[in-house]
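**Q** Dumping the structure here so I can ask a few things about it.
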2 protein chains.
Amino acid sequence: MKKTKKICPDMPTCSVDYAFRRIGGKYKGRILWYLHEHSILRYGELGRTLPDVTTKMLTQTLRELEADKLISRKVYHEVPPKVEYTLTDVGQELIPFIEHLRQWGEKQIKKEMVEEAS
Amino acid sequence: MKKTKKICPDMPTCSVDYAFRRIGGKYKGRILWYLHEHSILRYGELGRTLPDVTTKMLTQTLRELEADKLISRKVYHEVPPKVEYTLTDVGQELIPFIEHLRQWGEKQIKKEMVEEAS
DNA sequence: CCGCATCCCAGGCGATACTG
DNA sequence: CAGTATCGCCTGGGATGCGG
């Protein structure tokens, strides 16, 4: 199976692989989706929207999305501090995909509930 | 942040979360995509198509996709054995979105190459 | 309010060997 | 050919506490 192991594991093997690395993980999809729904969200608002996230994971995930230029981060140097997150144009391009995925998920959830009531 | 911890971690928090759990992981997206491109693929063909997968991960991932009813598995009881994998109807529904994602990925890769030639 | 630092754990993932 | 079985790493992710 493993033929020559001349593989650089940091290089995506194809464009599907590339894309999934950018939106994979536990929170990235939801963050992009919530940012689309609300246009602008502050750090704390995002944290409250994701009921299971810790500050570490929230910060880490936001930094990764920012490095991949899917979201942008605007800092207000005031007291108390304030940081706003928005989708970039590139991030916007992913929304149709996530929207359809969300609809698919809703359909499957409903289908499962019917089956459980067997 | 963590308010009451009355969270069942196995319950998806929303439909986006639900969907990402089913297509997340390192190989699921690519497997679905390759199955769409080739209609039918045998176990060994899938392994050769994913240059970095081990038999353990391939089998495990295929079983998860089968349990979620995104792919179906057909066993031929012959010698040598033969197993064919295909997309189910539900799995087919995900293809437009993976296709969209793949195109987006291709565009980004090209964009990055231009930037590197700065 | 928005984080960063630290410690820690589970499980996703990998390598290798073996089987019907 | 199409998997199982073991073992073990390693990193994604969680809990807690501090800092500007």
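Each chain of the structure tokens is named A, B, ... in the order shown, its residues numbered from 1; ligands are numbered from 1 in display order.
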Both chains have the same sequence, so superpose chain A on chain B over all Cα atoms paired in order and return it as a compact mmCIF listing (two decimals) with N, CA, C and O atoms, in the first residue's frame.

**A**
# COMPACT_ATOMS: atom_id res chain seq x y z
N MET A 1 -17.39 30.99 30.33
CA MET A 1 -17.62 30.44 28.98
C MET A 1 -18.43 29.13 29.07
O MET A 1 -19.55 29.05 28.65
N LYS A 2 -17.84 28.15 29.66
CA LYS A 2 -18.57 26.89 29.90
C LYS A 2 -19.61 27.16 30.98
O LYS A 2 -19.27 27.33 32.14
N LYS A 3 -20.86 27.20 30.64
CA LYS A 3 -21.86 27.61 31.61
C LYS A 3 -22.32 26.47 32.52
O LYS A 3 -22.11 26.51 33.72
N THR A 4 -22.96 25.46 32.02
CA THR A 4 -23.50 24.46 32.93
C THR A 4 -23.02 23.03 32.65
O THR A 4 -23.37 22.11 33.37
N LYS A 5 -22.26 22.86 31.64
CA LYS A 5 -21.70 21.54 31.37
C LYS A 5 -22.73 20.42 31.28
O LYS A 5 -22.42 19.24 31.43
N LYS A 6 -23.99 20.80 31.05
CA LYS A 6 -25.01 19.76 30.86
C LYS A 6 -25.06 19.34 29.41
O LYS A 6 -26.12 19.21 28.81
N ILE A 7 -23.92 19.18 28.83
CA ILE A 7 -23.84 18.92 27.41
C ILE A 7 -23.51 17.45 27.18
O ILE A 7 -22.54 16.94 27.73
N CYS A 8 -24.30 16.80 26.37
CA CYS A 8 -23.93 15.46 25.93
C CYS A 8 -23.01 15.61 24.74
O CYS A 8 -23.43 16.07 23.68
N PRO A 9 -21.74 15.27 24.89
CA PRO A 9 -20.78 15.56 23.82
C PRO A 9 -21.04 14.75 22.55
O PRO A 9 -20.50 15.09 21.51
N ASP A 10 -21.88 13.71 22.64
CA ASP A 10 -22.16 12.94 21.45
C ASP A 10 -23.28 13.56 20.61
O ASP A 10 -23.51 13.14 19.48
N MET A 11 -23.98 14.52 21.19
CA MET A 11 -25.05 15.16 20.45
C MET A 11 -24.50 16.34 19.67
O MET A 11 -23.91 17.26 20.26
N PRO A 12 -24.70 16.36 18.37
CA PRO A 12 -24.28 17.54 17.60
C PRO A 12 -25.04 18.77 18.08
O PRO A 12 -26.21 18.70 18.42
N THR A 13 -24.34 19.90 18.11
CA THR A 13 -24.95 21.11 18.63
C THR A 13 -25.83 21.80 17.61
O THR A 13 -26.68 22.60 17.96
N CYS A 14 -25.62 21.49 16.35
CA CYS A 14 -26.45 22.05 15.30
C CYS A 14 -26.23 21.25 14.03
O CYS A 14 -25.40 20.35 14.00
N SER A 15 -26.95 21.59 12.97
CA SER A 15 -26.88 20.77 11.78
C SER A 15 -25.54 20.91 11.06
O SER A 15 -25.10 19.98 10.38
N VAL A 16 -24.89 22.05 11.23
CA VAL A 16 -23.55 22.19 10.65
C VAL A 16 -22.58 21.25 11.37
O VAL A 16 -21.79 20.54 10.73
N ASP A 17 -22.67 21.23 12.66
CA ASP A 17 -21.87 20.31 13.46
C ASP A 17 -22.13 18.87 13.03
O ASP A 17 -21.20 18.10 12.77
N TYR A 18 -23.40 18.51 12.93
CA TYR A 18 -23.80 17.16 12.51
C TYR A 18 -23.14 16.77 11.19
O TYR A 18 -22.54 15.71 11.06
N ALA A 19 -23.25 17.66 10.21
CA ALA A 19 -22.73 17.34 8.88
C ALA A 19 -21.21 17.18 8.90
O ALA A 19 -20.67 16.25 8.30
N PHE A 20 -20.52 18.07 9.61
CA PHE A 20 -19.06 18.00 9.62
C PHE A 20 -18.57 16.74 10.32
O PHE A 20 -17.49 16.23 10.01
N ARG A 21 -19.34 16.22 11.26
CA ARG A 21 -18.92 14.98 11.89
C ARG A 21 -18.94 13.82 10.91
O ARG A 21 -18.21 12.86 11.06
N ARG A 22 -19.84 13.90 9.93
CA ARG A 22 -19.97 12.80 8.99
C ARG A 22 -18.97 12.86 7.85
O ARG A 22 -18.64 11.83 7.26
N ILE A 23 -18.50 14.01 7.50
CA ILE A 23 -17.55 14.09 6.39
C ILE A 23 -16.18 14.59 6.85
O ILE A 23 -15.30 14.79 6.04
N GLY A 24 -16.02 14.77 8.18
CA GLY A 24 -14.72 15.21 8.68
C GLY A 24 -13.70 14.08 8.67
O GLY A 24 -13.94 13.02 8.12
N GLY A 25 -12.58 14.34 9.27
CA GLY A 25 -11.51 13.34 9.27
C GLY A 25 -10.64 13.49 8.04
O GLY A 25 -10.91 14.27 7.14
N LYS A 26 -9.59 12.73 8.02
CA LYS A 26 -8.54 12.95 7.04
C LYS A 26 -8.88 12.43 5.64
O LYS A 26 -8.33 12.90 4.65
N TYR A 27 -9.76 11.45 5.55
CA TYR A 27 -9.94 10.78 4.26
C TYR A 27 -11.36 10.78 3.71
O TYR A 27 -11.56 10.51 2.52
N LYS A 28 -12.35 11.07 4.54
CA LYS A 28 -13.73 10.87 4.12
C LYS A 28 -14.09 11.69 2.88
O LYS A 28 -14.73 11.19 1.97
N GLY A 29 -13.70 12.94 2.87
CA GLY A 29 -14.01 13.77 1.72
C GLY A 29 -13.44 13.22 0.44
O GLY A 29 -14.13 13.11 -0.57
N ARG A 30 -12.17 12.83 0.50
CA ARG A 30 -11.53 12.30 -0.71
C ARG A 30 -12.16 10.99 -1.17
O ARG A 30 -12.33 10.75 -2.37
N ILE A 31 -12.53 10.13 -0.21
CA ILE A 31 -13.14 8.86 -0.59
C ILE A 31 -14.46 9.11 -1.30
O ILE A 31 -14.73 8.53 -2.37
N LEU A 32 -15.28 9.99 -0.74
CA LEU A 32 -16.56 10.28 -1.39
C LEU A 32 -16.34 10.85 -2.79
O LEU A 32 -17.03 10.49 -3.74
N TRP A 33 -15.34 11.70 -2.89
CA TRP A 33 -15.07 12.32 -4.19
C TRP A 33 -14.60 11.29 -5.22
O TRP A 33 -15.08 11.26 -6.35
N TYR A 34 -13.69 10.44 -4.83
CA TYR A 34 -13.18 9.44 -5.77
C TYR A 34 -14.28 8.45 -6.15
O TYR A 34 -14.33 7.97 -7.29
N LEU A 35 -15.16 8.13 -5.20
CA LEU A 35 -16.26 7.23 -5.53
C LEU A 35 -17.22 7.88 -6.52
O LEU A 35 -17.82 7.21 -7.36
N HIS A 36 -17.36 9.20 -6.42
CA HIS A 36 -18.19 9.88 -7.39
C HIS A 36 -17.54 9.88 -8.77
O HIS A 36 -18.19 9.65 -9.78
N GLU A 37 -16.23 10.06 -8.80
CA GLU A 37 -15.54 10.10 -10.09
C GLU A 37 -15.54 8.76 -10.80
O GLU A 37 -15.58 8.70 -12.02
N HIS A 38 -15.46 7.67 -10.04
CA HIS A 38 -15.30 6.36 -10.65
C HIS A 38 -16.51 5.45 -10.51
O HIS A 38 -16.48 4.32 -10.98
N SER A 39 -17.57 5.94 -9.82
CA SER A 39 -18.80 5.16 -9.64
C SER A 39 -18.60 3.94 -8.76
O SER A 39 -19.26 3.76 -7.77
N ILE A 40 -17.71 3.05 -9.15
CA ILE A 40 -17.43 1.85 -8.36
C ILE A 40 -15.94 1.74 -8.15
O ILE A 40 -15.17 1.91 -9.09
N LEU A 41 -15.55 1.47 -6.93
CA LEU A 41 -14.13 1.25 -6.66
C LEU A 41 -13.96 0.07 -5.72
O LEU A 41 -14.74 -0.11 -4.78
N ARG A 42 -12.94 -0.70 -5.96
CA ARG A 42 -12.61 -1.80 -5.07
C ARG A 42 -11.71 -1.28 -3.94
O ARG A 42 -11.11 -0.22 -4.05
N TYR A 43 -11.62 -2.08 -2.91
CA TYR A 43 -10.83 -1.71 -1.74
C TYR A 43 -9.40 -1.31 -2.13
O TYR A 43 -8.91 -0.25 -1.76
N GLY A 44 -8.75 -2.15 -2.89
CA GLY A 44 -7.38 -1.88 -3.27
C GLY A 44 -7.23 -0.67 -4.15
O GLY A 44 -6.24 0.07 -4.06
N GLU A 45 -8.21 -0.44 -4.99
CA GLU A 45 -8.16 0.74 -5.86
C GLU A 45 -8.24 2.02 -5.02
O GLU A 45 -7.50 2.98 -5.27
N LEU A 46 -9.12 2.01 -4.03
CA LEU A 46 -9.21 3.16 -3.13
C LEU A 46 -7.88 3.38 -2.41
O LEU A 46 -7.41 4.50 -2.27
N GLY A 47 -7.28 2.30 -1.97
CA GLY A 47 -6.00 2.42 -1.27
C GLY A 47 -4.93 3.03 -2.14
O GLY A 47 -4.13 3.85 -1.68
N ARG A 48 -4.91 2.67 -3.41
CA ARG A 48 -3.90 3.22 -4.30
C ARG A 48 -4.20 4.68 -4.64
O ARG A 48 -3.30 5.47 -4.91
N THR A 49 -5.46 5.04 -4.62
CA THR A 49 -5.85 6.41 -4.94
C THR A 49 -5.49 7.37 -3.82
O THR A 49 -5.17 8.53 -4.06
N LEU A 50 -5.54 6.89 -2.58
CA LEU A 50 -5.16 7.72 -1.44
C LEU A 50 -3.72 7.40 -1.10
O LEU A 50 -3.44 6.39 -0.46
N PRO A 51 -2.77 8.23 -1.51
CA PRO A 51 -1.36 7.84 -1.44
C PRO A 51 -0.84 7.69 -0.02
O PRO A 51 0.22 7.13 0.17
N ASP A 52 -1.57 8.20 0.96
CA ASP A 52 -1.01 8.23 2.31
C ASP A 52 -1.79 7.38 3.31
O ASP A 52 -1.56 7.46 4.50
N VAL A 53 -2.72 6.57 2.84
CA VAL A 53 -3.60 5.86 3.77
C VAL A 53 -3.00 4.50 4.13
O VAL A 53 -2.30 3.88 3.34
N THR A 54 -3.27 4.07 5.36
CA THR A 54 -2.91 2.71 5.77
C THR A 54 -4.16 1.84 5.70
O THR A 54 -5.27 2.34 5.69
N THR A 55 -3.96 0.53 5.71
CA THR A 55 -5.13 -0.36 5.63
C THR A 55 -6.05 -0.14 6.82
O THR A 55 -7.26 -0.19 6.68
N LYS A 56 -5.47 0.10 7.96
CA LYS A 56 -6.31 0.32 9.14
C LYS A 56 -7.23 1.51 8.96
O LYS A 56 -8.44 1.41 9.19
N MET A 57 -6.66 2.64 8.55
CA MET A 57 -7.47 3.83 8.41
C MET A 57 -8.46 3.69 7.27
O MET A 57 -9.59 4.17 7.36
N LEU A 58 -8.04 3.02 6.20
CA LEU A 58 -8.95 2.85 5.07
C LEU A 58 -10.17 2.03 5.50
O LEU A 58 -11.31 2.43 5.28
N THR A 59 -9.93 0.89 6.12
CA THR A 59 -11.03 0.06 6.58
C THR A 59 -11.91 0.80 7.57
O THR A 59 -13.14 0.82 7.45
N GLN A 60 -11.28 1.44 8.54
CA GLN A 60 -12.04 2.15 9.57
C GLN A 60 -12.92 3.24 8.97
O GLN A 60 -14.10 3.36 9.30
N THR A 61 -12.32 4.03 8.07
CA THR A 61 -13.08 5.11 7.45
C THR A 61 -14.23 4.57 6.61
O THR A 61 -15.34 5.09 6.65
N LEU A 62 -13.96 3.51 5.86
CA LEU A 62 -15.03 2.94 5.04
C LEU A 62 -16.18 2.43 5.90
O LEU A 62 -17.35 2.59 5.56
N ARG A 63 -15.85 1.84 7.04
CA ARG A 63 -16.90 1.34 7.93
C ARG A 63 -17.75 2.48 8.49
O ARG A 63 -18.97 2.36 8.63
N GLU A 64 -17.09 3.57 8.82
CA GLU A 64 -17.84 4.71 9.34
C GLU A 64 -18.77 5.28 8.27
O GLU A 64 -19.94 5.58 8.54
N LEU A 65 -18.26 5.41 7.07
CA LEU A 65 -19.10 5.92 5.98
C LEU A 65 -20.26 4.98 5.72
O LEU A 65 -21.38 5.42 5.42
N GLU A 66 -20.01 3.69 5.84
CA GLU A 66 -21.07 2.71 5.61
C GLU A 66 -22.12 2.81 6.73
O GLU A 66 -23.32 2.78 6.47
N ALA A 67 -21.66 2.95 7.97
CA ALA A 67 -22.60 3.06 9.09
C ALA A 67 -23.46 4.31 8.96
O ALA A 67 -24.63 4.31 9.36
N ASP A 68 -22.89 5.36 8.41
CA ASP A 68 -23.66 6.60 8.20
C ASP A 68 -24.46 6.54 6.91
O ASP A 68 -25.06 7.54 6.52
N LYS A 69 -24.41 5.42 6.23
CA LYS A 69 -25.17 5.19 4.99
C LYS A 69 -24.81 6.16 3.88
O LYS A 69 -25.67 6.59 3.11
N LEU A 70 -23.55 6.52 3.82
CA LEU A 70 -23.10 7.38 2.72
C LEU A 70 -22.52 6.55 1.59
O LEU A 70 -22.48 6.99 0.45
N ILE A 71 -22.04 5.37 1.91
CA ILE A 71 -21.55 4.45 0.87
C ILE A 71 -22.15 3.07 1.14
O ILE A 71 -22.62 2.79 2.24
N SER A 72 -22.12 2.22 0.11
CA SER A 72 -22.56 0.85 0.33
C SER A 72 -21.46 -0.10 -0.11
O SER A 72 -20.64 0.21 -0.97
N ARG A 73 -21.46 -1.24 0.52
CA ARG A 73 -20.35 -2.20 0.41
C ARG A 73 -20.91 -3.50 -0.13
O ARG A 73 -21.84 -4.07 0.45
N LYS A 74 -20.35 -3.98 -1.23
CA LYS A 74 -20.83 -5.23 -1.82
C LYS A 74 -19.70 -6.24 -1.85
O LYS A 74 -18.67 -6.02 -2.47
N VAL A 75 -19.92 -7.34 -1.18
CA VAL A 75 -18.89 -8.38 -1.06
C VAL A 75 -19.16 -9.49 -2.05
O VAL A 75 -20.29 -9.99 -2.14
N TYR A 76 -18.13 -9.87 -2.79
CA TYR A 76 -18.23 -11.02 -3.68
C TYR A 76 -17.52 -12.19 -3.02
O TYR A 76 -16.30 -12.15 -2.81
N HIS A 77 -18.27 -13.22 -2.70
CA HIS A 77 -17.65 -14.36 -2.00
C HIS A 77 -17.01 -15.28 -3.02
O HIS A 77 -17.55 -16.31 -3.41
N GLU A 78 -15.80 -14.90 -3.41
CA GLU A 78 -15.05 -15.71 -4.36
C GLU A 78 -13.61 -15.74 -3.90
O GLU A 78 -13.24 -15.10 -2.92
N VAL A 79 -12.82 -16.49 -4.63
CA VAL A 79 -11.39 -16.52 -4.33
C VAL A 79 -10.64 -16.10 -5.58
O VAL A 79 -10.78 -16.73 -6.62
N PRO A 80 -9.87 -15.01 -5.49
CA PRO A 80 -9.66 -14.15 -4.33
C PRO A 80 -10.87 -13.28 -4.06
O PRO A 80 -11.62 -12.99 -5.00
N PRO A 81 -11.06 -12.84 -2.83
CA PRO A 81 -12.22 -12.02 -2.49
C PRO A 81 -12.22 -10.69 -3.24
O PRO A 81 -11.20 -10.26 -3.76
N LYS A 82 -13.37 -10.11 -3.29
CA LYS A 82 -13.53 -8.86 -4.02
C LYS A 82 -14.62 -8.06 -3.32
O LYS A 82 -15.68 -8.59 -2.99
N VAL A 83 -14.33 -6.79 -3.07
CA VAL A 83 -15.30 -5.92 -2.41
C VAL A 83 -15.41 -4.64 -3.21
O VAL A 83 -14.39 -4.03 -3.54
N GLU A 84 -16.63 -4.24 -3.51
CA GLU A 84 -16.84 -3.02 -4.26
C GLU A 84 -17.59 -2.00 -3.42
O GLU A 84 -18.54 -2.34 -2.72
N TYR A 85 -17.16 -0.75 -3.54
CA TYR A 85 -17.81 0.34 -2.81
C TYR A 85 -18.44 1.31 -3.79
O TYR A 85 -17.85 1.64 -4.83
N THR A 86 -19.65 1.75 -3.45
CA THR A 86 -20.33 2.76 -4.26
C THR A 86 -21.00 3.77 -3.33
O THR A 86 -21.19 3.51 -2.15
N LEU A 87 -21.36 4.93 -3.89
CA LEU A 87 -22.10 5.92 -3.13
C LEU A 87 -23.56 5.49 -3.00
O LEU A 87 -24.13 4.94 -3.94
N THR A 88 -24.16 5.75 -1.87
CA THR A 88 -25.60 5.59 -1.74
C THR A 88 -26.27 6.86 -2.26
O THR A 88 -25.61 7.83 -2.61
N ASP A 89 -27.60 6.87 -2.27
CA ASP A 89 -28.31 8.07 -2.70
C ASP A 89 -28.01 9.23 -1.76
O ASP A 89 -27.82 10.37 -2.21
N VAL A 90 -27.97 8.93 -0.47
CA VAL A 90 -27.66 9.99 0.49
C VAL A 90 -26.24 10.51 0.26
O VAL A 90 -25.99 11.70 0.33
N GLY A 91 -25.32 9.60 -0.01
CA GLY A 91 -23.95 10.01 -0.29
C GLY A 91 -23.89 10.88 -1.54
O GLY A 91 -23.14 11.87 -1.59
N GLN A 92 -24.64 10.52 -2.54
CA GLN A 92 -24.70 11.32 -3.77
C GLN A 92 -25.08 12.77 -3.49
O GLN A 92 -24.59 13.68 -4.14
N GLU A 93 -25.94 12.96 -2.53
CA GLU A 93 -26.42 14.31 -2.25
C GLU A 93 -25.28 15.22 -1.78
O GLU A 93 -25.41 16.43 -1.84
N LEU A 94 -24.21 14.63 -1.30
CA LEU A 94 -23.10 15.44 -0.81
C LEU A 94 -22.16 15.86 -1.93
O LEU A 94 -21.33 16.74 -1.75
N ILE A 95 -22.27 15.24 -3.07
CA ILE A 95 -21.30 15.47 -4.14
C ILE A 95 -21.27 16.92 -4.61
O ILE A 95 -20.18 17.49 -4.77
N PRO A 96 -22.42 17.57 -4.83
CA PRO A 96 -22.34 18.98 -5.27
C PRO A 96 -21.51 19.82 -4.31
O PRO A 96 -20.73 20.67 -4.74
N PHE A 97 -21.69 19.57 -3.04
CA PHE A 97 -20.93 20.31 -2.04
C PHE A 97 -19.43 20.06 -2.19
O PHE A 97 -18.62 20.99 -2.24
N ILE A 98 -19.06 18.79 -2.29
CA ILE A 98 -17.64 18.47 -2.39
C ILE A 98 -17.08 18.99 -3.71
O ILE A 98 -15.95 19.47 -3.76
N GLU A 99 -17.86 18.93 -4.75
CA GLU A 99 -17.41 19.42 -6.05
C GLU A 99 -17.09 20.92 -5.98
O GLU A 99 -16.04 21.36 -6.45
N HIS A 100 -17.95 21.69 -5.37
CA HIS A 100 -17.69 23.12 -5.26
C HIS A 100 -16.50 23.40 -4.36
O HIS A 100 -15.70 24.29 -4.62
N LEU A 101 -16.41 22.61 -3.31
CA LEU A 101 -15.28 22.76 -2.41
C LEU A 101 -13.97 22.47 -3.14
O LEU A 101 -12.96 23.15 -2.95
N ARG A 102 -14.00 21.47 -4.00
CA ARG A 102 -12.81 21.11 -4.76
C ARG A 102 -12.40 22.24 -5.71
O ARG A 102 -11.23 22.58 -5.83
N GLN A 103 -13.40 22.83 -6.37
CA GLN A 103 -13.10 23.95 -7.27
C GLN A 103 -12.51 25.12 -6.49
O GLN A 103 -11.56 25.75 -6.92
N TRP A 104 -13.10 25.40 -5.33
CA TRP A 104 -12.57 26.46 -4.48
C TRP A 104 -11.11 26.17 -4.12
O TRP A 104 -10.24 27.05 -4.19
N GLY A 105 -10.84 24.91 -3.73
CA GLY A 105 -9.47 24.53 -3.36
C GLY A 105 -8.51 24.73 -4.52
O GLY A 105 -7.40 25.26 -4.33
N GLU A 106 -8.92 24.36 -5.71
CA GLU A 106 -8.06 24.53 -6.88
C GLU A 106 -7.73 25.99 -7.10
O GLU A 106 -6.59 26.35 -7.39
N LYS A 107 -8.74 26.82 -6.98
CA LYS A 107 -8.53 28.26 -7.17
C LYS A 107 -7.53 28.80 -6.15
O LYS A 107 -6.62 29.57 -6.50
N GLN A 108 -7.69 28.40 -4.90
CA GLN A 108 -6.80 28.89 -3.86
C GLN A 108 -5.36 28.42 -4.09
O GLN A 108 -4.41 29.18 -3.87
N ILE A 109 -5.22 27.19 -4.54
CA ILE A 109 -3.87 26.66 -4.78
C ILE A 109 -3.18 27.46 -5.87
O ILE A 109 -2.01 27.85 -5.75
N LYS A 110 -3.92 27.75 -6.93
CA LYS A 110 -3.33 28.55 -8.02
C LYS A 110 -2.96 29.93 -7.52
O LYS A 110 -1.91 30.47 -7.86
N LYS A 111 -3.84 30.51 -6.72
CA LYS A 111 -3.59 31.85 -6.19
C LYS A 111 -2.31 31.85 -5.34
O LYS A 111 -1.48 32.76 -5.44
N GLU A 112 -2.15 30.82 -4.55
CA GLU A 112 -0.95 30.74 -3.70
C GLU A 112 0.32 30.64 -4.54
O GLU A 112 1.35 31.21 -4.20
N MET A 113 0.23 29.91 -5.63
CA MET A 113 1.42 29.74 -6.46
C MET A 113 1.82 31.05 -7.08
O MET A 113 3.01 31.36 -7.21
N VAL A 114 0.86 31.84 -7.47
CA VAL A 114 1.16 33.16 -8.01
C VAL A 114 1.84 34.02 -6.96
O VAL A 114 2.83 34.70 -7.22
N GLU A 115 1.31 34.00 -5.74
CA GLU A 115 1.86 34.82 -4.67
C GLU A 115 3.29 34.41 -4.31
O GLU A 115 4.13 35.24 -3.97
N GLU A 116 3.56 33.12 -4.38
CA GLU A 116 4.90 32.65 -4.06
C GLU A 116 5.93 33.12 -5.08
O GLU A 116 7.10 33.27 -4.76
N ALA A 117 5.47 33.32 -6.29
CA ALA A 117 6.36 33.81 -7.33
C ALA A 117 6.47 35.33 -7.24
O ALA A 117 6.51 36.03 -8.24
N SER A 118 6.54 35.84 -6.03
CA SER A 118 6.58 37.29 -5.84
C SER A 118 7.98 37.80 -6.11
O SER A 118 8.92 37.41 -5.47

**Q** Determine which residues of chain B DSSP labels as strand (DSSP E) from the backbone of this structure, then write them out as a list in words.

**A** Leu41, Arg42, Ile71, Ser72, Arg73, Lys74, Val75, Tyr76, Lys82, Val83, Glu84, Tyr85, Thr86 and Leu87 of chain B

**Q** Select, as a PDB file with C-alpha atoms (C1' of nucleotides), in the first residue's frame, those residues of chain C with any atom no more than 9 Å from chain B (distances computed using only C-alpha atoms (C1' of nucleotides)).

**A**
ATOM      1  C1'  DG C  12      -7.283   9.806  15.741  1.00  0.00           C
ATOM      2  C1'  DC C  13      -3.888   8.105  13.259  1.00  0.00           C
ATOM      3  C1'  DG C  14       0.319   5.376  11.879  1.00  0.00           C
ATOM      4  C1'  DA C  15       3.590   1.091  11.395  1.00  0.00           C
TER       5       DA C  15
END

**Q** May I have the residues within 12 Å of DA5 (chain C) as a VMD selection string, using only C-alpha atoms (C1' of nucleotides) and disregarding those fewer than 5 positions away in the same chain?

**A** (chain A and resid 56) or (chain D and resid 16 to 19)

**Q** Mind listing as a PyMOL selection string which residues of chain D are within 12 Å of chain B, counting only C-alpha atoms (C1' of nucleotides)?

**A** chain D and resi 1-6+12+14-15

**Q** Only N, CA, C and O atoms (P, O5', C5', C4', C3', O3' and C1' of nucleotides), please: the residues just picked out, written as an mmCIF file, in the first residue's frame.

**A**
data_model
loop_
_atom_site.group_PDB
_atom_site.id
_atom_site.type_symbol
_atom_site.label_atom_id
_atom_site.label_comp_id
_atom_site.auth_asym_id
_atom_site.auth_seq_id
_atom_site.Cartn_x
_atom_site.Cartn_y
_atom_site.Cartn_z
ATOM 1 P P DC D 1 -3.861 -8.136 -5.241
ATOM 2 O "O5'" DC D 1 -5.173 -8.890 -4.724
ATOM 3 C "C5'" DC D 1 -6.348 -8.875 -5.514
ATOM 4 C "C4'" DC D 1 -7.510 -8.988 -4.587
ATOM 5 C "C3'" DC D 1 -7.820 -7.711 -3.804
ATOM 6 O "O3'" DC D 1 -9.250 -7.563 -3.806
ATOM 7 C "C1'" DC D 1 -7.346 -9.480 -2.271
ATOM 8 P P DA D 2 -9.880 -6.161 -3.387
ATOM 9 O "O5'" DA D 2 -10.176 -6.365 -1.830
ATOM 10 C "C5'" DA D 2 -11.101 -7.369 -1.456
ATOM 11 C "C4'" DA D 2 -10.999 -7.596 0.024
ATOM 12 C "C3'" DA D 2 -11.111 -6.309 0.863
ATOM 13 O "O3'" DA D 2 -12.038 -6.513 1.910
ATOM 14 C "C1'" DA D 2 -9.242 -7.550 1.506
ATOM 15 P P DG D 3 -12.694 -5.197 2.616
ATOM 16 O "O5'" DG D 3 -11.494 -4.524 3.450
ATOM 17 C "C5'" DG D 3 -11.493 -4.658 4.839
ATOM 18 C "C4'" DG D 3 -10.935 -5.992 5.262
ATOM 19 C "C3'" DG D 3 -10.667 -6.107 6.737
ATOM 20 O "O3'" DG D 3 -11.802 -6.651 7.391
ATOM 21 C "C1'" DG D 3 -8.947 -7.134 5.404
ATOM 22 P P DT D 4 -12.149 -6.240 8.864
ATOM 23 O "O5'" DT D 4 -11.577 -7.395 9.793
ATOM 24 C "C5'" DT D 4 -10.229 -7.483 9.918
ATOM 25 C "C4'" DT D 4 -9.801 -8.514 10.929
ATOM 26 C "C3'" DT D 4 -9.772 -8.009 12.365
ATOM 27 O "O3'" DT D 4 -9.715 -9.132 13.249
ATOM 28 C "C1'" DT D 4 -7.592 -8.026 11.448
ATOM 29 P P DA D 5 -9.819 -8.855 14.830
ATOM 30 O "O5'" DA D 5 -8.313 -8.852 15.332
ATOM 31 C "C5'" DA D 5 -7.291 -9.551 14.629
ATOM 32 C "C4'" DA D 5 -5.995 -9.408 15.413
ATOM 33 C "C3'" DA D 5 -6.168 -8.667 16.749
ATOM 34 O "O3'" DA D 5 -5.238 -9.205 17.679
ATOM 35 C "C1'" DA D 5 -4.723 -7.434 15.329
ATOM 36 P P DT D 6 -5.427 -8.880 19.287
ATOM 37 O "O5'" DT D 6 -4.031 -8.194 19.632
ATOM 38 C "C5'" DT D 6 -3.425 -7.446 18.564
ATOM 39 C "C4'" DT D 6 -1.998 -7.084 18.906
ATOM 40 C "C3'" DT D 6 -1.860 -6.196 20.146
ATOM 41 O "O3'" DT D 6 -0.565 -6.394 20.712
ATOM 42 C "C1'" DT D 6 -1.380 -4.929 18.195
ATOM 43 P P DG D 12 -2.912 19.090 15.504
ATOM 44 O "O5'" DG D 12 -4.500 19.068 15.733
ATOM 45 C "C5'" DG D 12 -5.202 17.888 15.371
ATOM 46 C "C4'" DG D 12 -6.317 17.630 16.362
ATOM 47 C "C3'" DG D 12 -7.144 18.859 16.712
ATOM 48 O "O3'" DG D 12 -8.495 18.443 16.878
ATOM 49 C "C1'" DG D 12 -6.170 18.005 18.685
ATOM 50 P P DG D 14 -12.529 20.453 23.159
ATOM 51 O "O5'" DG D 14 -11.912 20.126 24.596
ATOM 52 C "C5'" DG D 14 -12.164 18.853 25.180
ATOM 53 C "C4'" DG D 14 -11.728 18.871 26.636
ATOM 54 C "C3'" DG D 14 -12.322 20.007 27.459
ATOM 55 O "O3'" DG D 14 -12.612 19.534 28.778
ATOM 56 C "C1'" DG D 14 -9.973 20.164 27.500
ATOM 57 P P DA D 15 -13.396 20.502 29.791
ATOM 58 O "O5'" DA D 15 -12.273 20.919 30.861
ATOM 59 C "C5'" DA D 15 -11.464 19.918 31.469
ATOM 60 C "C4'" DA D 15 -10.648 20.534 32.595
ATOM 61 C "C3'" DA D 15 -11.330 21.703 33.316
ATOM 62 O "O3'" DA D 15 -11.097 21.600 34.708
ATOM 63 C "C1'" DA D 15 -9.286 22.430 32.349
#

**Q** What is the C1' of DT6 (chain C) to C1' of DC9 (chain D) distance in Å?

**A**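 Between C1' of DT6 (chain C) and C1' of DC9 (chain D) the gap works out to 21.5 Å.
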